[in-house]
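> Here you go, this is my_file.txt (compact mmCIF, C-alpha atoms).
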```txt
# COMPACT_ATOMS: atom_id res chain seq x y z
CA MET G 1 -16.24 24.27 -4.43
CA ASN G 2 -13.37 23.26 -2.14
CA PRO G 3 -11.54 19.91 -1.96
CA MET G 4 -13.05 17.36 0.40
CA LYS G 5 -11.36 16.02 3.54
CA ALA G 6 -10.52 12.34 3.89
CA ASP G 7 -13.11 11.70 6.63
CA ASP G 8 -15.87 13.05 4.38
CA LEU G 9 -14.67 10.82 1.53
CA PHE G 10 -14.80 7.66 3.62
CA ALA G 11 -18.20 8.66 4.98
CA ALA G 12 -19.52 9.06 1.42
CA TRP G 13 -18.16 5.65 0.45
CA ALA G 14 -19.82 4.09 3.50
CA ARG G 15 -23.11 5.41 2.09
CA GLY G 16 -22.30 3.90 -1.32
CA GLN G 17 -21.68 7.30 -2.94
CA TYR G 18 -18.87 7.35 -5.50
CA SER G 19 -17.63 9.93 -8.00
CA ALA G 20 -16.48 9.07 -11.51
CA VAL G 21 -13.26 11.07 -11.07
CA TYR G 22 -11.09 11.59 -8.00
CA LEU G 23 -8.02 13.70 -7.38
CA PHE G 24 -6.10 12.59 -4.28
CA THR G 25 -3.52 14.96 -2.80
CA GLY G 26 -1.98 15.92 0.54
CA ALA G 27 0.95 15.05 2.76
CA GLU G 28 -0.48 11.82 4.25
CA ASP G 29 0.55 9.52 1.39
CA PHE G 30 -0.14 6.35 3.41
CA LEU G 31 -3.79 7.35 3.69
CA ILE G 32 -3.85 8.07 -0.06
CA GLU G 33 -2.61 4.54 -0.71
CA GLU G 34 -5.26 3.13 1.62
CA ALA G 35 -8.01 5.14 -0.11
CA SER G 36 -6.85 3.96 -3.54
CA LYS G 37 -6.88 0.39 -2.31
CA LYS G 38 -10.40 0.73 -0.84
CA LEU G 39 -11.67 2.17 -4.12
CA ARG G 40 -10.16 -0.68 -6.14
CA GLU G 41 -11.77 -3.24 -3.86
CA ALA G 42 -15.14 -1.48 -4.07
CA ARG G 43 -15.20 -0.96 -7.83
CA LEU G 44 -13.43 -4.04 -9.16
CA PRO G 45 -14.59 -7.56 -8.34
CA ALA G 46 -11.69 -9.90 -7.64
CA GLU G 47 -12.26 -11.94 -10.79
CA ALA G 48 -12.03 -8.83 -13.01
CA ALA G 49 -9.30 -6.90 -11.19
CA ASP G 50 -6.43 -8.09 -13.38
CA THR G 51 -8.16 -7.15 -16.65
CA ASN G 52 -9.83 -3.88 -15.64
CA LEU G 53 -7.08 -1.98 -13.82
CA ASP G 54 -4.62 0.39 -15.49
CA ARG G 55 -1.88 1.91 -13.33
CA LEU G 56 -0.03 4.74 -15.04
CA ASP G 57 2.62 7.26 -14.05
CA ALA G 58 2.33 10.75 -15.52
CA GLU G 59 6.12 11.00 -15.59
CA ASN G 60 6.12 8.30 -18.30
CA VAL G 61 2.84 8.81 -20.20
CA SER G 62 1.07 11.68 -21.93
CA ALA G 63 -2.36 13.14 -21.28
CA ASN G 64 -3.59 11.44 -24.46
CA ASP G 65 -2.29 8.08 -23.18
CA ILE G 66 -4.32 8.57 -20.00
CA LEU G 67 -7.47 9.50 -21.92
CA GLN G 68 -7.02 6.54 -24.25
CA ALA G 69 -6.82 4.17 -21.28
CA CYS G 70 -10.02 5.74 -19.93
CA GLN G 71 -11.83 4.93 -23.18
CA THR G 72 -11.13 1.20 -22.92
CA VAL G 73 -14.28 -0.85 -22.34
CA PRO G 74 -14.20 -3.01 -19.17
CA PHE G 75 -13.97 -6.77 -19.62
CA LEU G 76 -16.21 -9.00 -17.49
CA GLY G 77 -16.96 -6.16 -15.09
CA ALA G 78 -18.94 -2.96 -14.64
CA PHE G 79 -15.95 -0.62 -14.39
CA ARG G 80 -12.45 -0.02 -15.68
CA LEU G 81 -10.32 1.71 -13.05
CA VAL G 82 -7.52 3.98 -14.27
CA GLU G 83 -5.10 5.14 -11.58
CA VAL G 84 -2.52 7.78 -12.49
CA GLN G 85 0.40 8.72 -10.24
CA ASN G 86 2.26 12.07 -10.25
CA VAL G 87 -0.35 14.01 -12.22
CA SER G 88 1.22 17.27 -11.04
CA ARG G 89 4.28 16.43 -13.19
CA LEU G 90 2.29 16.89 -16.40
CA SER G 91 3.03 20.13 -18.21
CA GLY G 92 0.50 22.93 -18.10
CA ASP G 93 -0.68 22.14 -21.63
CA ALA G 94 -0.95 18.43 -20.86
CA GLN G 95 -3.01 19.17 -17.75
CA LYS G 96 -5.36 21.28 -19.87
CA THR G 97 -5.70 18.45 -22.40
CA LEU G 98 -6.55 16.01 -19.63
CA ALA G 99 -8.97 18.52 -18.07
CA GLU G 100 -10.83 18.90 -21.36
CA GLY G 101 -11.17 15.13 -21.70
CA LEU G 102 -12.76 14.58 -18.29
CA SER G 103 -16.20 15.59 -19.53
CA ARG G 104 -16.08 12.84 -22.16
CA LEU G 105 -15.25 9.87 -19.96
CA PRO G 106 -17.38 6.75 -20.42
CA GLU G 107 -19.74 5.96 -17.56
CA THR G 108 -17.83 2.69 -17.10
CA THR G 109 -14.55 4.43 -16.25
CA GLN G 110 -13.41 5.12 -12.71
CA LEU G 111 -10.49 7.57 -12.82
CA VAL G 112 -8.16 8.29 -9.89
CA LEU G 113 -5.57 11.05 -10.29
CA ILE G 114 -2.89 11.20 -7.60
CA TRP G 115 -1.28 14.64 -7.45
CA GLY G 116 2.13 13.44 -6.28
CA LYS G 117 3.61 16.55 -4.65
CA GLU G 118 2.94 18.95 -1.79
CA TRP G 119 -0.42 20.63 -2.17
CA ARG G 120 -0.45 24.42 -2.39
CA ARG G 121 -3.51 26.60 -2.02
CA ASP G 122 -3.22 28.00 -5.54
CA ASP G 123 -3.24 24.45 -6.98
CA ALA G 124 -7.03 24.57 -6.60
CA GLU G 125 -7.09 27.19 -9.35
CA LYS G 126 -5.35 25.01 -11.93
CA PRO G 127 -7.60 24.02 -14.87
CA LEU G 128 -7.17 20.30 -14.21
CA VAL G 129 -8.15 20.61 -10.54
CA GLU G 130 -11.14 22.78 -11.40
CA ALA G 131 -12.22 20.24 -14.04
CA VAL G 132 -11.94 17.40 -11.51
CA MET G 133 -14.14 19.25 -9.03
CA LYS G 134 -16.76 19.73 -11.77
CA ALA G 135 -16.64 16.11 -12.95
CA GLY G 136 -15.96 14.46 -9.60
CA THR G 137 -14.20 15.03 -6.28
CA ALA G 138 -10.85 16.37 -5.11
CA VAL G 139 -9.68 15.13 -1.71
CA ILE G 140 -6.89 16.48 0.49
CA PHE G 141 -5.34 13.96 2.89
CA TRP G 142 -4.00 16.18 5.65
CA PRO G 143 -1.71 14.82 8.41
CA LEU G 144 -3.72 13.81 11.48
CA PHE G 145 -3.72 15.65 14.78
CA PRO G 146 -2.22 13.57 17.64
CA GLU G 147 -5.58 12.63 19.16
CA HIS G 148 -6.89 11.57 15.75
CA ALA G 149 -3.72 9.56 15.08
CA GLN G 150 -4.23 7.77 18.39
CA ARG G 151 -7.79 6.80 17.42
CA TRP G 152 -6.53 5.68 14.02
CA ALA G 153 -3.90 3.46 15.65
CA VAL G 154 -6.51 1.81 17.88
CA GLN G 155 -8.67 1.08 14.82
CA ARG G 156 -5.72 -0.01 12.70
CA ALA G 157 -4.68 -2.62 15.27
CA ARG G 158 -7.85 -4.52 14.38
CA LEU G 159 -6.37 -5.18 10.94
CA TYR G 160 -3.75 -7.29 12.72
CA LYS G 161 -6.52 -8.94 14.80
CA LYS G 162 -5.34 -7.21 17.94
CA THR G 163 -6.66 -4.63 20.37
CA LEU G 164 -4.52 -1.62 21.26
CA THR G 165 -5.02 0.15 24.58
CA PRO G 166 -5.48 3.95 24.52
CA GLU G 167 -2.40 4.29 26.72
CA ALA G 168 -0.32 2.31 24.22
CA ALA G 169 -1.69 4.39 21.34
CA ALA G 170 -0.87 7.65 23.11
CA TRP G 171 2.70 6.52 23.85
CA LEU G 172 3.21 5.30 20.30
CA VAL G 173 2.04 8.57 18.72
CA GLN G 174 4.19 10.55 21.17
CA GLU G 175 7.31 8.58 20.21
CA ALA G 176 6.70 7.85 16.51
CA GLY G 177 4.76 10.97 15.53
CA GLU G 178 1.49 11.24 13.62
CA GLY G 179 2.74 9.76 10.32
CA LEU G 180 0.48 6.80 9.58
CA ARG G 181 3.07 4.77 7.67
CA ARG G 182 5.43 4.74 10.67
CA LEU G 183 2.55 4.00 13.05
CA ASP G 184 1.43 1.08 10.89
CA GLN G 185 4.95 -0.35 10.83
CA GLU G 186 5.18 -0.15 14.61
CA LEU G 187 1.77 -1.80 14.99
CA ALA G 188 2.81 -4.63 12.68
CA LYS G 189 5.92 -5.23 14.78
CA ALA G 190 3.94 -5.11 18.01
CA ALA G 191 1.40 -7.61 16.63
CA VAL G 192 4.22 -10.02 15.86
CA TYR G 193 5.85 -9.36 19.23
CA VAL G 194 2.77 -10.27 21.29
CA GLY G 195 2.20 -13.48 19.32
CA ASP G 196 -1.05 -15.21 20.26
CA ARG G 197 -2.02 -12.61 22.85
CA PRO G 198 -5.06 -10.66 21.61
CA GLY G 199 -4.10 -7.31 23.13
CA ILE G 200 -1.21 -4.86 22.74
CA VAL G 201 -0.38 -2.74 25.79
CA ARG G 202 2.09 0.09 26.32
CA GLU G 203 4.85 -2.24 27.53
CA ASP G 204 4.61 -4.18 24.25
CA VAL G 205 5.02 -1.17 21.97
CA GLU G 206 7.87 0.11 24.16
CA ALA G 207 9.64 -3.25 23.96
CA CYS G 208 9.65 -3.50 20.17
CA PHE G 209 9.71 0.20 19.27
CA GLY G 210 12.19 1.15 16.56
CA TYR G 211 15.08 -0.88 15.26
CA GLU G 212 18.60 -0.45 16.54
CA LYS G 213 19.94 -2.75 13.87
CA ALA G 214 21.27 -1.62 10.52
CA LEU G 215 18.34 -3.08 8.59
CA SER G 216 14.63 -3.40 9.15
CA PRO G 217 12.57 -6.45 8.09
CA PHE G 218 10.33 -4.01 6.25
CA GLU G 219 13.16 -3.34 3.80
CA TRP G 220 13.19 -7.05 3.00
CA LEU G 221 9.41 -7.20 2.54
CA THR G 222 9.38 -4.04 0.41
CA ALA G 223 12.05 -5.46 -1.89
CA VAL G 224 10.09 -8.72 -2.24
CA ARG G 225 6.88 -6.86 -3.08
CA GLN G 226 8.74 -4.79 -5.68
CA LYS G 227 10.15 -7.99 -7.24
CA LYS G 228 13.75 -6.90 -6.65
CA THR G 229 15.56 -10.21 -6.42
CA GLY G 230 19.06 -9.05 -5.50
CA PRO G 231 18.01 -6.59 -2.75
CA SER G 232 15.50 -9.12 -1.38
CA MET G 233 18.04 -11.88 -0.95
CA TRP G 234 20.85 -9.64 0.28
CA THR G 235 18.61 -7.95 2.88
CA LEU G 236 17.36 -11.31 4.14
CA ARG G 237 20.93 -12.57 4.52
CA GLN G 238 21.94 -9.42 6.44
CA LEU G 239 18.92 -9.72 8.75
CA LEU G 240 19.80 -13.31 9.59
CA GLU G 241 23.43 -12.36 10.20
CA GLU G 242 22.17 -9.71 12.63
CA ASP G 243 20.39 -12.53 14.51
CA GLU G 244 16.89 -11.43 13.53
CA GLU G 245 14.47 -14.10 14.77
CA PRO G 246 13.44 -16.26 11.75
CA LEU G 247 9.94 -16.97 13.06
CA LYS G 248 9.30 -13.25 13.56
CA LEU G 249 10.43 -12.60 9.99
CA LEU G 250 8.08 -15.33 8.83
CA ALA G 251 5.18 -13.88 10.83
CA MET G 252 5.75 -10.43 9.33
CA ALA G 253 5.86 -11.95 5.84
CA THR G 254 2.56 -13.73 6.51
CA TYR G 255 0.85 -10.49 7.54
CA SER G 256 2.22 -8.76 4.43
CA VAL G 257 1.11 -11.51 2.06
CA ARG G 258 -2.42 -11.32 3.47
CA ASP G 259 -2.46 -7.66 2.51
CA TRP G 260 -1.07 -8.39 -0.96
CA ILE G 261 -3.81 -10.93 -1.61
CA LYS G 262 -6.43 -8.20 -1.14
CA SER G 263 -4.62 -6.28 -3.88
CA GLY G 264 -4.96 -9.15 -6.35
CA GLU G 265 -1.98 -11.39 -5.61
CA ARG G 266 -2.52 -15.14 -5.70
CA GLU G 267 -3.29 -17.11 -2.56
CA GLU G 268 -0.27 -19.30 -3.15
CA GLY G 269 1.64 -16.80 -1.02
CA LEU G 270 -0.06 -17.88 2.19
CA SER G 271 0.52 -21.55 1.45
CA TYR G 272 4.21 -20.78 0.93
CA CYS G 273 4.34 -19.12 4.37
CA VAL G 274 2.60 -22.08 6.01
CA GLU G 275 5.02 -24.50 4.35
CA ALA G 276 8.02 -22.43 5.49
CA HIS G 277 6.70 -22.45 9.06
CA GLN G 278 6.29 -26.23 8.98
CA THR G 279 9.78 -26.84 7.61
CA ILE G 280 11.30 -24.63 10.32
CA LYS G 281 9.28 -26.20 13.14
CA THR G 282 9.99 -29.76 12.03
CA GLY G 283 13.67 -29.11 11.30
CA LYS G 284 13.25 -30.26 7.72
CA GLU G 285 15.17 -27.16 6.60
CA THR G 286 17.31 -24.67 8.46
CA PRO G 287 15.50 -21.36 9.16
CA ALA G 288 17.83 -19.56 6.76
CA MET G 289 17.11 -22.00 3.94
CA ALA G 290 13.36 -21.99 4.60
CA LEU G 291 13.24 -18.17 4.47
CA THR G 292 15.43 -18.11 1.37
CA LEU G 293 13.11 -20.51 -0.46
CA LEU G 294 10.08 -18.54 0.74
CA THR G 295 11.57 -15.32 -0.61
CA LEU G 296 12.26 -16.88 -4.00
CA ARG G 297 8.73 -18.25 -4.22
CA LEU G 298 7.15 -14.91 -3.25
CA LEU G 299 9.25 -13.17 -5.88
CA CYS G 300 7.62 -15.41 -8.47
CA LEU G 301 4.06 -14.35 -7.63
CA PRO G 302 2.23 -12.32 -10.31
CA ALA G 303 3.02 -8.63 -10.91
CA GLY G 304 6.69 -9.50 -11.15
CA GLY G 305 9.08 -11.55 -13.19
CA GLN G 306 8.53 -14.81 -14.99
CA GLY G 307 10.17 -17.93 -13.71
CA LEU G 308 12.55 -18.45 -10.82
CA PRO G 309 14.91 -15.52 -10.04
CA ALA G 310 18.59 -16.14 -10.51
CA ILE G 311 20.29 -17.71 -7.48
CA THR G 312 23.41 -15.70 -8.32
CA ALA G 313 21.61 -12.70 -6.82
CA LEU G 314 22.50 -14.10 -3.41
CA ALA G 315 26.13 -13.28 -3.94
CA GLY G 316 26.31 -9.65 -2.93
CA PRO G 317 24.57 -6.42 -1.95
CA PRO G 318 22.11 -4.60 -4.24
```
How does the structure come out when it is put into structure tokens?


Amino acid sequence: MNPMKADDLFAAWARGQYSAVYLFTGAEDFLIEEASKKLREARLPAEAADTNLDRLDAENVSANDILQACQTVPFLGAFRLVEVQNVSRLSGDAQKTLAEGLSRLPETTQLVLIWGKEWRRDDAEKPLVEAVMKAGTAVIFWPLFPEHAQRWAVQRARLYKKTLTPEAAAWLVQEAGEGLRRLDQELAKAAVYVGDRPGIVREDVEACFGYEKALSPFEWLTAVRQKKTGPSMWTLRQLLEEDEEPLKLLAMATYSVRDWIKSGEREEGLSYCVEAHQTIKTGKETPAMALTLLTLRLLCLPAGGQGLPAITALAGPP
């Protein structure tokens, strides 16, 4: 049996067909992240997501730790989802131990193993991979061909509640390449650039393509999501000093928070964005202060630290 392709995986999920064990591998890591997210949303109801999800990294845990997590009974839900990054980093013996344990998983466990390095043909012969293909499904996420990347971009634009013309998609793939993470970033910028207009055309993606400035707003948003207080505040300050438009930064933050909510974050994030928009529009706060307060409040959302981050982090670079 050979590993499945991503299109076949998504088609199986559309039919409601799921495997107990998955191994995700391949060079298109953005698509792996999207598949992991789709599986979490399908298997874990929102009210049970916080209590029935274990995210582990094989660089920091043993095979026995992974198997122990898999034996945990779900709480207020049908499944416990165990997601393990960098499985390829386990030693040969540890991979064998994990492989032997796959046949004894409870029916209530959904296991996702993410390989975490470039896939080689002989990896399919490793005991762990062979065990996965007996107990479940291995999936290779290959980079897309240009024409497939163009179709993906057109479909992805709908996530931002926009339409993307085929001409714009073709130009974007030609300039940015087929990597989906870069394409998604460019689509997010284009969606902000067109504002209330429902469609994105070639002239729009050309106008906002790339960043000539030293920093990208995505570095700010990534630092916020990772709960890195110092880098978050320093990057925001640098963006404002480079005359980045505050309302565009706010719009990009709003899109990002909507995505985080689907991953289990609290809905307070959207209310914080709305409040920041109101304070900027009414002049109640300066744009810099409104964005600073928004950043601090987003940093305090779950999956991060407790309490308000230290204001002293504003002082200097990360």

> Figure out the distance between atom CA of Leu31 of chain G and atom CA of Leu250 of chain G, please, to one decimal in Å.

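Calculated distance between atom CA of Leu250 of chain G and atom CA of Leu31 of chain G is 26.1 Å.
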
> Quick one: of G:Val154, G:Ile280, G:Ile66, G:Ala138, who's nearest to Met4 of chain G, counting all atoms listed in the file?

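Using all atoms listed in the file, Met4 of chain G sits closest to G:Ala138.
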
> For Met252 of chain G, work out the shell of residues within 10 Å, counting only C-alpha atoms and skipping chain neighbours fewer than 6 positions away, then give it as number ranges by chain.

G: 188-189, 191-193, 217-218, 221, 246

> Identify which of the residues G:Gln68, G:Leu90, G:Ala157, G:Glu41 lies closest to Trp13 of chain G, counting all atoms listed in the file when measuring atom-to-atom distances.

G:Glu41

> Calculate how many Å separate atom CA of Tyr160 of chain G from atom CA of Glu186 of chain G, rounding to one decimal.

11.6 Å

> Write out as a short mmCIF file (atom, residue, chain, number, x, y, z; two decimals) with C-alpha atoms, keeping the file's coordinate frame each polymer residue whose atoms come within 12 Å of Arg104 of chain G, counting only C-alpha atoms; drop sequence neighbours fewer than 5 positions from it.


```cif
data_model
loop_
_atom_site.label_atom_id
_atom_site.label_comp_id
_atom_site.auth_asym_id
_atom_site.auth_seq_id
_atom_site.Cartn_x
_atom_site.Cartn_y
_atom_site.Cartn_z
CA ALA G 20 -16.48 9.07 -11.51
CA VAL G 21 -13.26 11.07 -11.07
CA LEU G 67 -7.47 9.50 -21.92
CA GLN G 68 -7.02 6.54 -24.25
CA CYS G 70 -10.02 5.74 -19.93
CA GLN G 71 -11.83 4.93 -23.18
CA THR G 97 -5.70 18.45 -22.40
CA LEU G 98 -6.55 16.01 -19.63
CA ALA G 99 -8.97 18.52 -18.07
CA THR G 109 -14.55 4.43 -16.25
CA ALA G 131 -12.22 20.24 -14.04
CA ALA G 135 -16.64 16.11 -12.95
#
```

> Show which residues sit within 8 Å of Leu294 of chain G, as a PDB file with C-alpha atoms, in the frame of the given file. Count all atoms listed in the file, and ignore same-chain residues fewer than 4 positions away.


```
ATOM      1  CA  TYR G 272       4.210 -20.780   0.930  1.00  0.00           C
ATOM      2  CA  CYS G 273       4.340 -19.120   4.370  1.00  0.00           C
ATOM      3  CA  ALA G 276       8.020 -22.430   5.490  1.00  0.00           C
ATOM      4  CA  ALA G 290      13.360 -21.990   4.600  1.00  0.00           C
ATOM      5  CA  LEU G 298       7.150 -14.910  -3.250  1.00  0.00           C
TER       6      LEU G 298
END
```

> Mind filling out segment 175-202 of chain G with N, CA and C atoms and sending it as a PDB file, in the frame of the given file?


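Now in selection_39.pdb:
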```pdb
ATOM      1  N   GLU G 175       5.950   8.969  20.578  1.00  0.00           N
ATOM      2  CA  GLU G 175       7.310   8.580  20.210  1.00  0.00           C
ATOM      3  C   GLU G 175       7.534   8.522  18.697  1.00  0.00           C
ATOM      4  N   ALA G 176       6.532   8.055  17.960  1.00  0.00           N
ATOM      5  CA  ALA G 176       6.700   7.850  16.510  1.00  0.00           C
ATOM      6  C   ALA G 176       6.183   9.006  15.685  1.00  0.00           C
ATOM      7  N   GLY G 177       5.353   9.874  16.283  1.00  0.00           N
ATOM      8  CA  GLY G 177       4.760  10.970  15.530  1.00  0.00           C
ATOM      9  C   GLY G 177       3.417  10.557  14.939  1.00  0.00           C
ATOM     10  N   GLU G 178       2.833  11.481  14.157  1.00  0.00           N
ATOM     11  CA  GLU G 178       1.490  11.240  13.620  1.00  0.00           C
ATOM     12  C   GLU G 178       1.503  10.590  12.246  1.00  0.00           C
ATOM     13  N   GLY G 179       2.682  10.372  11.649  1.00  0.00           N
ATOM     14  CA  GLY G 179       2.740   9.760  10.320  1.00  0.00           C
ATOM     15  C   GLY G 179       2.186   8.348  10.343  1.00  0.00           C
ATOM     16  N   LEU G 180       1.186   8.074   9.513  1.00  0.00           N
ATOM     17  CA  LEU G 180       0.480   6.800   9.580  1.00  0.00           C
ATOM     18  C   LEU G 180       1.335   5.635   9.094  1.00  0.00           C
ATOM     19  N   ARG G 181       2.225   5.867   8.155  1.00  0.00           N
ATOM     20  CA  ARG G 181       3.070   4.770   7.670  1.00  0.00           C
ATOM     21  C   ARG G 181       3.959   4.251   8.805  1.00  0.00           C
ATOM     22  N   ARG G 182       4.569   5.157   9.554  1.00  0.00           N
ATOM     23  CA  ARG G 182       5.430   4.740  10.670  1.00  0.00           C
ATOM     24  C   ARG G 182       4.583   4.060  11.744  1.00  0.00           C
ATOM     25  N   LEU G 183       3.408   4.613  12.047  1.00  0.00           N
ATOM     26  CA  LEU G 183       2.550   4.000  13.050  1.00  0.00           C
ATOM     27  C   LEU G 183       2.147   2.584  12.636  1.00  0.00           C
ATOM     28  N   ASP G 184       1.832   2.401  11.367  1.00  0.00           N
ATOM     29  CA  ASP G 184       1.430   1.080  10.890  1.00  0.00           C
ATOM     30  C   ASP G 184       2.589   0.085  11.015  1.00  0.00           C
ATOM     31  N   GLN G 185       3.789   0.532  10.706  1.00  0.00           N
ATOM     32  CA  GLN G 185       4.950  -0.350  10.830  1.00  0.00           C
ATOM     33  C   GLN G 185       5.152  -0.776  12.292  1.00  0.00           C
ATOM     34  N   GLU G 186       5.003   0.176  13.198  1.00  0.00           N
ATOM     35  CA  GLU G 186       5.180  -0.150  14.610  1.00  0.00           C
ATOM     36  C   GLU G 186       4.076  -1.091  15.106  1.00  0.00           C
ATOM     37  N   LEU G 187       2.861  -0.898  14.615  1.00  0.00           N
ATOM     38  CA  LEU G 187       1.770  -1.800  14.990  1.00  0.00           C
ATOM     39  C   LEU G 187       2.009  -3.205  14.472  1.00  0.00           C
ATOM     40  N   ALA G 188       2.526  -3.302  13.242  1.00  0.00           N
ATOM     41  CA  ALA G 188       2.810  -4.630  12.680  1.00  0.00           C
ATOM     42  C   ALA G 188       3.865  -5.345  13.520  1.00  0.00           C
ATOM     43  N   LYS G 189       4.890  -4.623  13.938  1.00  0.00           N
ATOM     44  CA  LYS G 189       5.920  -5.230  14.780  1.00  0.00           C
ATOM     45  C   LYS G 189       5.354  -5.651  16.136  1.00  0.00           C
ATOM     46  N   ALA G 190       4.515  -4.784  16.709  1.00  0.00           N
ATOM     47  CA  ALA G 190       3.940  -5.110  18.010  1.00  0.00           C
ATOM     48  C   ALA G 190       3.023  -6.324  17.918  1.00  0.00           C
ATOM     49  N   ALA G 191       2.283  -6.450  16.807  1.00  0.00           N
ATOM     50  CA  ALA G 191       1.400  -7.610  16.630  1.00  0.00           C
ATOM     51  C   ALA G 191       2.205  -8.899  16.567  1.00  0.00           C
ATOM     52  N   VAL G 192       3.342  -8.850  15.913  1.00  0.00           N
ATOM     53  CA  VAL G 192       4.220 -10.020  15.860  1.00  0.00           C
ATOM     54  C   VAL G 192       4.816 -10.292  17.231  1.00  0.00           C
ATOM     55  N   TYR G 193       5.195  -9.217  17.921  1.00  0.00           N
ATOM     56  CA  TYR G 193       5.850  -9.360  19.230  1.00  0.00           C
ATOM     57  C   TYR G 193       4.949 -10.045  20.245  1.00  0.00           C
ATOM     58  N   VAL G 194       3.654  -9.700  20.273  1.00  0.00           N
ATOM     59  CA  VAL G 194       2.770 -10.270  21.290  1.00  0.00           C
ATOM     60  C   VAL G 194       2.318 -11.687  20.937  1.00  0.00           C
ATOM     61  N   GLY G 195       2.538 -12.113  19.696  1.00  0.00           N
ATOM     62  CA  GLY G 195       2.200 -13.480  19.320  1.00  0.00           C
ATOM     63  C   GLY G 195       0.710 -13.762  19.396  1.00  0.00           C
ATOM     64  N   ASP G 196       0.342 -14.785  20.165  1.00  0.00           N
ATOM     65  CA  ASP G 196      -1.050 -15.210  20.260  1.00  0.00           C
ATOM     66  C   ASP G 196      -1.881 -14.343  21.208  1.00  0.00           C
ATOM     67  N   ARG G 197      -1.238 -13.473  21.949  1.00  0.00           N
ATOM     68  CA  ARG G 197      -2.020 -12.610  22.850  1.00  0.00           C
ATOM     69  C   ARG G 197      -2.899 -11.666  22.036  1.00  0.00           C
ATOM     70  N   PRO G 198      -4.155 -11.480  22.433  1.00  0.00           N
ATOM     71  CA  PRO G 198      -5.060 -10.660  21.610  1.00  0.00           C
ATOM     72  C   PRO G 198      -4.865  -9.167  21.774  1.00  0.00           C
ATOM     73  N   GLY G 199      -4.213  -8.731  22.856  1.00  0.00           N
ATOM     74  CA  GLY G 199      -4.100  -7.310  23.130  1.00  0.00           C
ATOM     75  C   GLY G 199      -2.667  -6.805  23.118  1.00  0.00           C
ATOM     76  N   ILE G 200      -2.511  -5.542  22.718  1.00  0.00           N
ATOM     77  CA  ILE G 200      -1.210  -4.860  22.740  1.00  0.00           C
ATOM     78  C   ILE G 200      -1.298  -3.744  23.773  1.00  0.00           C
ATOM     79  N   VAL G 201      -0.394  -3.758  24.748  1.00  0.00           N
ATOM     80  CA  VAL G 201      -0.380  -2.740  25.790  1.00  0.00           C
ATOM     81  C   VAL G 201       0.875  -1.876  25.630  1.00  0.00           C
ATOM     82  N   ARG G 202       0.982  -0.852  26.453  1.00  0.00           N
ATOM     83  CA  ARG G 202       2.090   0.090  26.320  1.00  0.00           C
ATOM     84  C   ARG G 202       3.440  -0.618  26.424  1.00  0.00           C
TER      85      ARG G 202
END
```
